[in-house]
$ cat query36.cif   # mmCIF, C-alpha atoms and all ligand atoms
data_target
loop_
_atom_site.label_atom_id
_atom_site.label_comp_id
_atom_site.auth_asym_id
_atom_site.auth_seq_id
_atom_site.Cartn_x
_atom_site.Cartn_y
_atom_site.Cartn_z
CA MET A 1 1.96 -43.48 -20.01
CA ILE A 2 4.77 -44.89 -22.12
CA LYS A 3 4.31 -42.04 -24.53
CA PHE A 4 4.70 -39.57 -21.69
CA LEU A 5 7.88 -41.25 -20.47
CA LEU A 6 9.38 -41.18 -23.94
CA LEU A 7 8.57 -37.51 -24.27
CA ALA A 8 10.17 -36.76 -20.92
CA LEU A 9 13.24 -38.78 -21.87
CA GLY A 10 13.48 -37.05 -25.23
CA SER A 11 13.41 -33.56 -23.78
CA SER A 12 15.96 -34.32 -21.09
CA LEU A 13 18.31 -35.71 -23.75
CA MET A 14 17.90 -32.49 -25.66
CA VAL A 15 18.95 -30.52 -22.63
CA MET A 16 21.95 -32.76 -22.09
CA ALA A 17 23.24 -32.47 -25.63
CA ALA A 18 22.43 -29.06 -27.05
CA ASP A 19 23.07 -29.18 -30.76
CA GLY A 20 25.02 -26.13 -31.90
CA GLU A 21 24.52 -26.85 -35.58
CA ALA A 22 20.74 -27.14 -35.17
CA ILE A 23 20.62 -23.88 -33.21
CA PHE A 24 22.74 -22.13 -35.85
CA LYS A 25 20.34 -23.23 -38.58
CA GLN A 26 17.11 -22.70 -36.63
CA LYS A 27 18.07 -19.17 -35.64
CA GLY A 28 18.72 -18.15 -39.23
CA CYS A 29 22.46 -17.59 -38.81
CA THR A 30 23.14 -19.41 -42.09
CA SER A 31 21.56 -16.58 -44.07
CA CYS A 32 24.65 -14.43 -43.40
CA HIS A 33 27.35 -16.97 -42.47
CA ARG A 34 28.69 -19.67 -44.81
CA PRO A 35 31.42 -22.14 -43.89
CA ASP A 36 34.26 -20.87 -46.14
CA MET A 37 33.00 -17.82 -47.93
CA ASP A 38 32.31 -14.28 -46.72
CA THR A 39 28.77 -13.21 -47.62
CA VAL A 40 26.84 -10.58 -45.65
CA GLY A 41 28.81 -11.77 -42.63
CA PRO A 42 32.30 -13.24 -42.33
CA SER A 43 32.77 -16.96 -43.03
CA LEU A 44 32.59 -19.36 -40.11
CA LYS A 45 36.20 -20.23 -40.82
CA LYS A 46 37.28 -16.61 -40.34
CA ILE A 47 35.27 -16.36 -37.11
CA ALA A 48 36.70 -19.66 -35.81
CA GLN A 49 40.25 -18.51 -36.57
CA ALA A 50 39.71 -15.16 -34.84
CA TYR A 51 38.38 -16.97 -31.75
CA ALA A 52 40.88 -19.86 -31.73
CA GLY A 53 41.78 -20.48 -28.10
CA LYS A 54 39.22 -17.90 -26.98
CA ARG A 55 36.12 -20.03 -26.48
CA GLU A 56 35.01 -18.05 -23.42
CA ASP A 57 35.27 -14.77 -25.37
CA LEU A 58 33.14 -16.22 -28.15
CA ILE A 59 30.48 -17.33 -25.65
CA LYS A 60 30.54 -13.81 -24.17
CA PHE A 61 30.09 -12.26 -27.59
CA LEU A 62 27.13 -14.54 -28.32
CA LYS A 63 25.58 -13.54 -25.00
CA GLY A 64 25.91 -9.89 -25.98
CA GLN A 65 28.66 -9.23 -23.43
CA GLY A 66 31.64 -8.96 -25.76
CA GLU A 67 33.01 -6.72 -28.49
CA ALA A 68 33.32 -7.66 -32.16
CA ILE A 69 36.85 -8.68 -33.15
CA VAL A 70 36.27 -10.08 -36.65
CA ASP A 71 34.81 -7.12 -38.52
CA PRO A 72 34.19 -4.30 -36.02
CA ALA A 73 33.10 -1.92 -38.80
CA LYS A 74 29.98 -4.06 -39.28
CA ALA A 75 29.45 -4.82 -35.60
CA SER A 76 26.07 -3.07 -35.46
CA VAL A 77 24.66 -5.48 -38.09
CA MET A 78 25.67 -8.47 -35.98
CA LYS A 79 24.68 -6.97 -32.62
CA MET A 80 21.08 -6.77 -33.84
CA GLN A 81 21.16 -10.48 -34.67
CA LEU A 82 22.02 -11.39 -31.09
CA ALA A 83 18.36 -10.77 -30.21
CA ARG A 84 17.60 -14.06 -31.98
CA ILE A 85 19.56 -16.04 -29.41
CA LYS A 86 19.14 -14.01 -26.23
CA ASP A 87 16.99 -16.70 -24.60
CA LEU A 88 19.41 -19.61 -25.03
CA SER A 89 20.63 -21.53 -22.00
CA ASP A 90 24.31 -21.62 -21.01
CA GLU A 91 24.57 -25.12 -22.51
CA GLU A 92 23.12 -23.89 -25.78
CA PHE A 93 25.48 -20.90 -25.94
CA ALA A 94 28.40 -23.25 -25.34
CA ALA A 95 27.18 -25.69 -28.02
CA LEU A 96 26.79 -22.84 -30.49
CA ALA A 97 30.32 -21.60 -29.77
CA ASP A 98 31.73 -25.12 -30.15
CA TYR A 99 29.94 -25.54 -33.46
CA ILE A 100 31.44 -22.29 -34.82
CA LEU A 101 34.92 -23.12 -33.51
CA LYS A 102 34.96 -26.40 -35.46
CA PHE A 103 35.33 -24.49 -38.74
CA LYS A 104 38.89 -23.48 -37.96
C1 LIG E 201 21.95 -10.08 -41.22
C2 LIG E 201 23.16 -10.88 -41.34
C3 LIG E 201 23.64 -11.68 -40.15
C4 LIG E 201 22.96 -12.68 -39.47
C5 LIG E 201 21.54 -13.19 -39.71
C6 LIG E 201 23.89 -13.18 -38.48
N1 LIG E 201 25.09 -12.52 -38.54
FE1 LIG E 201 26.74 -12.91 -37.44
N2 LIG E 201 27.73 -11.38 -38.35
C7 LIG E 201 27.20 -10.57 -39.34
C8 LIG E 201 28.16 -9.53 -39.69
C9 LIG E 201 27.97 -8.43 -40.74
C10 LIG E 201 29.29 -9.76 -38.90
C11 LIG E 201 30.58 -8.93 -38.86
C12 LIG E 201 30.54 -7.95 -37.71
C13 LIG E 201 31.17 -8.51 -36.47
O1 LIG E 201 32.32 -8.98 -36.54
O2 LIG E 201 30.52 -8.49 -35.41
C14 LIG E 201 28.98 -10.93 -38.06
C15 LIG E 201 29.84 -11.49 -37.12
C16 LIG E 201 29.58 -12.59 -36.33
C17 LIG E 201 30.48 -13.15 -35.36
C18 LIG E 201 31.88 -12.63 -35.06
C19 LIG E 201 31.81 -11.59 -33.94
C20 LIG E 201 33.06 -10.81 -33.73
O3 LIG E 201 33.70 -10.94 -32.67
O4 LIG E 201 33.44 -10.00 -34.62
C21 LIG E 201 29.84 -14.22 -34.78
C22 LIG E 201 30.38 -15.12 -33.68
C23 LIG E 201 28.54 -14.32 -35.39
N3 LIG E 201 28.41 -13.32 -36.32
C24 LIG E 201 27.59 -15.27 -35.06
C25 LIG E 201 26.28 -15.29 -35.56
C26 LIG E 201 25.24 -16.16 -35.07
C27 LIG E 201 25.41 -17.21 -34.00
C28 LIG E 201 24.10 -15.85 -35.78
C29 LIG E 201 22.71 -16.43 -35.63
C30 LIG E 201 22.07 -16.14 -34.34
C31 LIG E 201 24.45 -14.77 -36.70
N4 LIG E 201 25.78 -14.45 -36.53
C32 LIG E 201 23.57 -14.19 -37.59
C33 LIG E 201 25.96 -10.70 -39.94
C34 LIG E 201 24.97 -11.59 -39.54
#
$ encode --input "query36.cif" --output "structure tokens"
Amino acid sequence: MIKFLLLALGSSLMVMAADGEAIFKQKGCTSCHRPDMDTVGPSLKKIAQAYAGKREDLIKFLKGQGEAIVDPAKASVMKMQLARIKDLSDEEFAALADYILKFK
């Protein structure tokens, strides 16, 4: 019984505080995005600067409802990656956006 309660508590805490960094790592985003250095994809710093003050636009992009503004020539590469996160909740999309925006 206690075990069950702890499990229930644990999962509701997870819903309350979606962890953008954990999502970013779990979904494999780190394989193309480094904090300060462009690799296959632009650095997180570059993305955060492009989206400074545009949190809602970043969330839209992550949800597949926006257009690429950082490196539109490579947009098709990134668009394919959005399939990895299409099932996230609104809280998780927001946490992911906030995580990226911190690199500014
Ligand atoms: C296979 C490599 C690759 C992976 C994996 C990848 N990306 Fe990207 N990403 C790119 C490339 C290339 C661009 C540049 C094109 C663009 O700007 O859309 C990009 C651009 C972006 C942008 C800027 C979009 C814009 O407006 O231009 C965001 C935000 C982003 N990625 C988030 C993520 C997240 C979150 C994940 C993990 C779910 C991820 N990426 C996984 C290659 C990748």
$ closest_atom_pairs --input "query36.cif" --of "chain A" --to "ligand LIG 201 (chain E)" --cutoff "8 Å" --atoms "only C-alpha atoms and all ligand atoms" --output "Markdown table"
| residue | atom | partner | partner_atom | distance |
| --- | --- | --- | --- | --- |
| A:Ile23 | CA | E:LIG201 | C30 | 8.0 |
| A:Phe24 | CA | E:LIG201 | C29 | 5.7 |
| A:Lys25 | CA | E:LIG201 | C29 | 7.8 |
| A:Lys27 | CA | E:LIG201 | C30 | 5.2 |
| A:Gly28 | CA | E:LIG201 | C29 | 5.6 |
| A:Cys29 | CA | E:LIG201 | C29 | 3.4 |
| A:Thr30 | CA | E:LIG201 | C5 | 6.8 |
| A:Ser31 | CA | E:LIG201 | C5 | 5.5 |
| A:Cys32 | CA | E:LIG201 | C2 | 4.4 |
| A:His33 | CA | E:LIG201 | N1 | 6.4 |
| A:Val40 | CA | E:LIG201 | C9 | 5.5 |
| A:Gly41 | CA | E:LIG201 | C8 | 3.8 |
| A:Pro42 | CA | E:LIG201 | C10 | 5.7 |
| A:Leu44 | CA | E:LIG201 | C21 | 7.9 |
| A:Ile47 | CA | E:LIG201 | C18 | 5.4 |
| A:Ala50 | CA | E:LIG201 | O3 | 7.7 |
| A:Tyr51 | CA | E:LIG201 | O3 | 7.7 |
| A:Leu58 | CA | E:LIG201 | C22 | 6.3 |
| A:Phe61 | CA | E:LIG201 | O3 | 6.4 |
| A:Leu62 | CA | E:LIG201 | C22 | 6.3 |
| A:Gly66 | CA | E:LIG201 | O3 | 7.5 |
| A:Glu67 | CA | E:LIG201 | O3 | 6.0 |
| A:Ala68 | CA | E:LIG201 | O3 | 3.3 |
| A:Ile69 | CA | E:LIG201 | O3 | 3.9 |
| A:Val70 | CA | E:LIG201 | O4 | 3.5 |
| A:Asp71 | CA | E:LIG201 | O1 | 3.7 |
| A:Pro72 | CA | E:LIG201 | O1 | 5.1 |
| A:Ala73 | CA | E:LIG201 | C12 | 6.6 |
| A:Lys74 | CA | E:LIG201 | C12 | 4.2 |
| A:Ala75 | CA | E:LIG201 | O2 | 3.8 |
| A:Ser76 | CA | E:LIG201 | C12 | 7.0 |
| A:Val77 | CA | E:LIG201 | C9 | 5.2 |
| A:Met78 | CA | E:LIG201 | C7 | 4.2 |
| A:Lys79 | CA | E:LIG201 | O2 | 6.6 |
| A:Gln81 | CA | E:LIG201 | C32 | 5.3 |
| A:Leu82 | CA | E:LIG201 | C30 | 5.8 |
| A:Ala83 | CA | E:LIG201 | C30 | 7.7 |
| A:Arg84 | CA | E:LIG201 | C30 | 5.5 |
| A:Ile85 | CA | E:LIG201 | C30 | 5.5 |
| A:Leu96 | CA | E:LIG201 | C27 | 6.8 |
| A:Ala97 | CA | E:LIG201 | C22 | 7.6 |
| A:Ile100 | CA | E:LIG201 | C22 | 7.3 |
$ closest_residue --input "query36.cif" --among "A:Lys60, A:Lys54, A:Ala48, A:Met37" --to "A:Tyr99" --atoms "all atoms listed in the file"
A:Ala48
$ atom_distance --input "query36.cif" --atom1 "atom CA of A:Lys104" --atom2 "atom CA of A:Asp87"
26.5 Å
$ atom_distance --input "query36.cif" --atom1 "atom CA of A:Gln49" --atom2 "atom CA of A:Leu88"
23.8 Å
$ atom_distance --input "query36.cif" --atom1 "atom CA of A:Gly64" --atom2 "atom CA of A:Glu91"
15.7 Å
$ axis_aligned_box --input "query36.cif" --around "stretch 39-57 of chain A" --padding-each-side "8 Å" --output "lines of an AutoDock Vina configuration file"
center_x = 34.3
center_y = -15.5
center_z = -35.5
size_x = 30.9
size_y = 25.9
size_z = 40.2
$ closest_residue --input "query36.cif" --among "A:Asp36, A:Asp98, A:Phe103, A:Asp90" --to "A:Arg55" --atoms "all atoms listed in the file"
A:Asp98
$ decode --input "query36.cif" --residues "chain A" --atoms "C-alpha atoms" --output "mmCIF file, in the first residue's frame"
data_model
loop_
_atom_site.group_PDB
_atom_site.id
_atom_site.type_symbol
_atom_site.label_atom_id
_atom_site.label_comp_id
_atom_site.auth_asym_id
_atom_site.auth_seq_id
_atom_site.Cartn_x
_atom_site.Cartn_y
_atom_site.Cartn_z
ATOM 1 C CA MET A 1 0.000 0.000 0.000
ATOM 2 C CA ILE A 2 2.712 2.460 0.963
ATOM 3 C CA LYS A 3 4.625 1.473 -2.118
ATOM 4 C CA PHE A 4 1.597 2.254 -4.249
ATOM 5 C CA LEU A 5 1.149 5.663 -2.635
ATOM 6 C CA LEU A 6 4.776 6.537 -3.220
ATOM 7 C CA LEU A 7 4.486 5.531 -6.845
ATOM 8 C CA ALA A 8 1.389 7.655 -7.281
ATOM 9 C CA LEU A 9 3.089 10.593 -5.590
ATOM 10 C CA GLY A 10 6.182 10.175 -7.726
ATOM 11 C CA SER A 11 4.306 10.211 -10.999
ATOM 12 C CA SER A 12 2.196 13.218 -10.078
ATOM 13 C CA LEU A 13 5.367 15.125 -9.176
ATOM 14 C CA MET A 14 6.752 14.263 -12.571
ATOM 15 C CA VAL A 15 3.709 15.741 -14.224
ATOM 16 C CA MET A 16 3.965 18.876 -12.122
ATOM 17 C CA ALA A 17 7.604 19.521 -12.915
ATOM 18 C CA ALA A 18 8.412 18.341 -16.421
ATOM 19 C CA ASP A 19 12.169 18.333 -16.792
ATOM 20 C CA GLY A 20 13.211 19.928 -20.076
ATOM 21 C CA GLU A 21 16.816 18.822 -19.774
ATOM 22 C CA ALA A 22 15.819 15.191 -19.197
ATOM 23 C CA ILE A 23 13.462 15.277 -22.186
ATOM 24 C CA PHE A 24 16.171 16.837 -24.372
ATOM 25 C CA LYS A 25 18.576 14.043 -23.459
ATOM 26 C CA GLN A 26 16.070 11.181 -23.546
ATOM 27 C CA LYS A 27 14.798 12.153 -26.986
ATOM 28 C CA GLY A 28 18.284 12.127 -28.469
ATOM 29 C CA CYS A 29 18.420 15.866 -29.208
ATOM 30 C CA THR A 30 21.983 16.033 -27.851
ATOM 31 C CA SER A 31 23.281 14.024 -30.795
ATOM 32 C CA CYS A 32 22.861 17.095 -33.035
ATOM 33 C CA HIS A 33 22.733 20.011 -30.571
ATOM 34 C CA ARG A 34 25.600 21.038 -28.271
ATOM 35 C CA PRO A 35 25.468 23.982 -25.877
ATOM 36 C CA ASP A 36 27.979 26.341 -27.584
ATOM 37 C CA MET A 37 29.128 24.667 -30.745
ATOM 38 C CA ASP A 38 27.367 24.052 -34.064
ATOM 39 C CA THR A 39 27.516 20.361 -35.013
ATOM 40 C CA VAL A 40 24.922 18.700 -37.252
ATOM 41 C CA GLY A 41 22.452 21.209 -35.839
ATOM 42 C CA PRO A 42 22.941 24.757 -34.564
ATOM 43 C CA SER A 43 24.184 25.248 -30.988
ATOM 44 C CA LEU A 44 21.607 25.677 -28.242
ATOM 45 C CA LYS A 45 23.019 29.145 -27.699
ATOM 46 C CA LYS A 46 22.261 30.137 -31.291
ATOM 47 C CA ILE A 47 18.733 28.712 -31.024
ATOM 48 C CA ALA A 48 18.132 30.477 -27.685
ATOM 49 C CA GLN A 49 19.313 33.790 -29.143
ATOM 50 C CA ALA A 50 17.097 33.426 -32.212
ATOM 51 C CA TYR A 51 14.098 32.727 -29.963
ATOM 52 C CA ALA A 52 14.868 35.302 -27.258
ATOM 53 C CA GLY A 53 11.545 36.851 -26.253
ATOM 54 C CA LYS A 54 9.690 34.414 -28.519
ATOM 55 C CA ARG A 55 8.967 31.540 -26.152
ATOM 56 C CA GLU A 56 5.534 30.895 -27.677
ATOM 57 C CA ASP A 57 7.051 30.674 -31.176
ATOM 58 C CA LEU A 58 9.603 28.159 -29.944
ATOM 59 C CA ILE A 59 6.867 26.025 -28.376
ATOM 60 C CA LYS A 60 4.962 26.189 -31.681
ATOM 61 C CA PHE A 61 8.039 25.095 -33.604
ATOM 62 C CA LEU A 62 8.551 22.152 -31.256
ATOM 63 C CA LYS A 63 4.921 21.156 -31.741
ATOM 64 C CA GLY A 64 5.451 21.164 -35.501
ATOM 65 C CA GLN A 65 3.334 24.280 -36.018
ATOM 66 C CA GLY A 66 6.074 26.801 -36.753
ATOM 67 C CA GLU A 67 8.683 27.588 -39.383
ATOM 68 C CA ALA A 68 12.439 27.291 -38.924
ATOM 69 C CA ILE A 69 14.128 30.639 -38.255
ATOM 70 C CA VAL A 70 17.636 29.519 -37.254
ATOM 71 C CA ASP A 71 18.832 27.630 -40.322
ATOM 72 C CA PRO A 72 15.924 27.345 -42.768
ATOM 73 C CA ALA A 73 18.147 25.689 -45.398
ATOM 74 C CA LYS A 74 18.371 22.626 -43.143
ATOM 75 C CA ALA A 75 14.784 22.776 -41.912
ATOM 76 C CA SER A 76 13.865 19.394 -43.416
ATOM 77 C CA VAL A 77 16.508 17.654 -41.252
ATOM 78 C CA MET A 78 15.005 19.133 -38.102
ATOM 79 C CA LYS A 79 11.360 18.681 -39.123
ATOM 80 C CA MET A 80 11.929 14.920 -39.241
ATOM 81 C CA GLN A 81 13.239 15.010 -35.674
ATOM 82 C CA LEU A 82 10.000 16.512 -34.389
ATOM 83 C CA ALA A 83 8.448 13.039 -34.664
ATOM 84 C CA ARG A 84 10.479 12.115 -31.569
ATOM 85 C CA ILE A 85 8.554 14.568 -29.423
ATOM 86 C CA LYS A 86 5.106 14.626 -31.026
ATOM 87 C CA ASP A 87 3.511 12.897 -28.023
ATOM 88 C CA LEU A 88 4.713 15.324 -25.344
ATOM 89 C CA SER A 89 2.200 17.132 -23.152
ATOM 90 C CA ASP A 90 1.857 20.929 -23.177
ATOM 91 C CA GLU A 91 3.826 21.069 -19.906
ATOM 92 C CA GLU A 92 6.611 19.022 -21.434
ATOM 93 C CA PHE A 93 6.780 21.200 -24.560
ATOM 94 C CA ALA A 94 6.986 24.275 -22.338
ATOM 95 C CA ALA A 95 9.715 22.704 -20.175
ATOM 96 C CA LEU A 96 11.699 21.775 -23.274
ATOM 97 C CA ALA A 97 11.419 25.320 -24.637
ATOM 98 C CA ASP A 98 12.482 26.793 -21.277
ATOM 99 C CA TYR A 99 15.475 24.470 -21.157
ATOM 100 C CA ILE A 100 16.625 25.577 -24.629
ATOM 101 C CA LEU A 101 16.041 29.262 -23.872
ATOM 102 C CA LYS A 102 18.377 29.099 -20.862
ATOM 103 C CA PHE A 103 21.393 28.820 -23.172
ATOM 104 C CA LYS A 104 21.095 32.419 -24.297
#
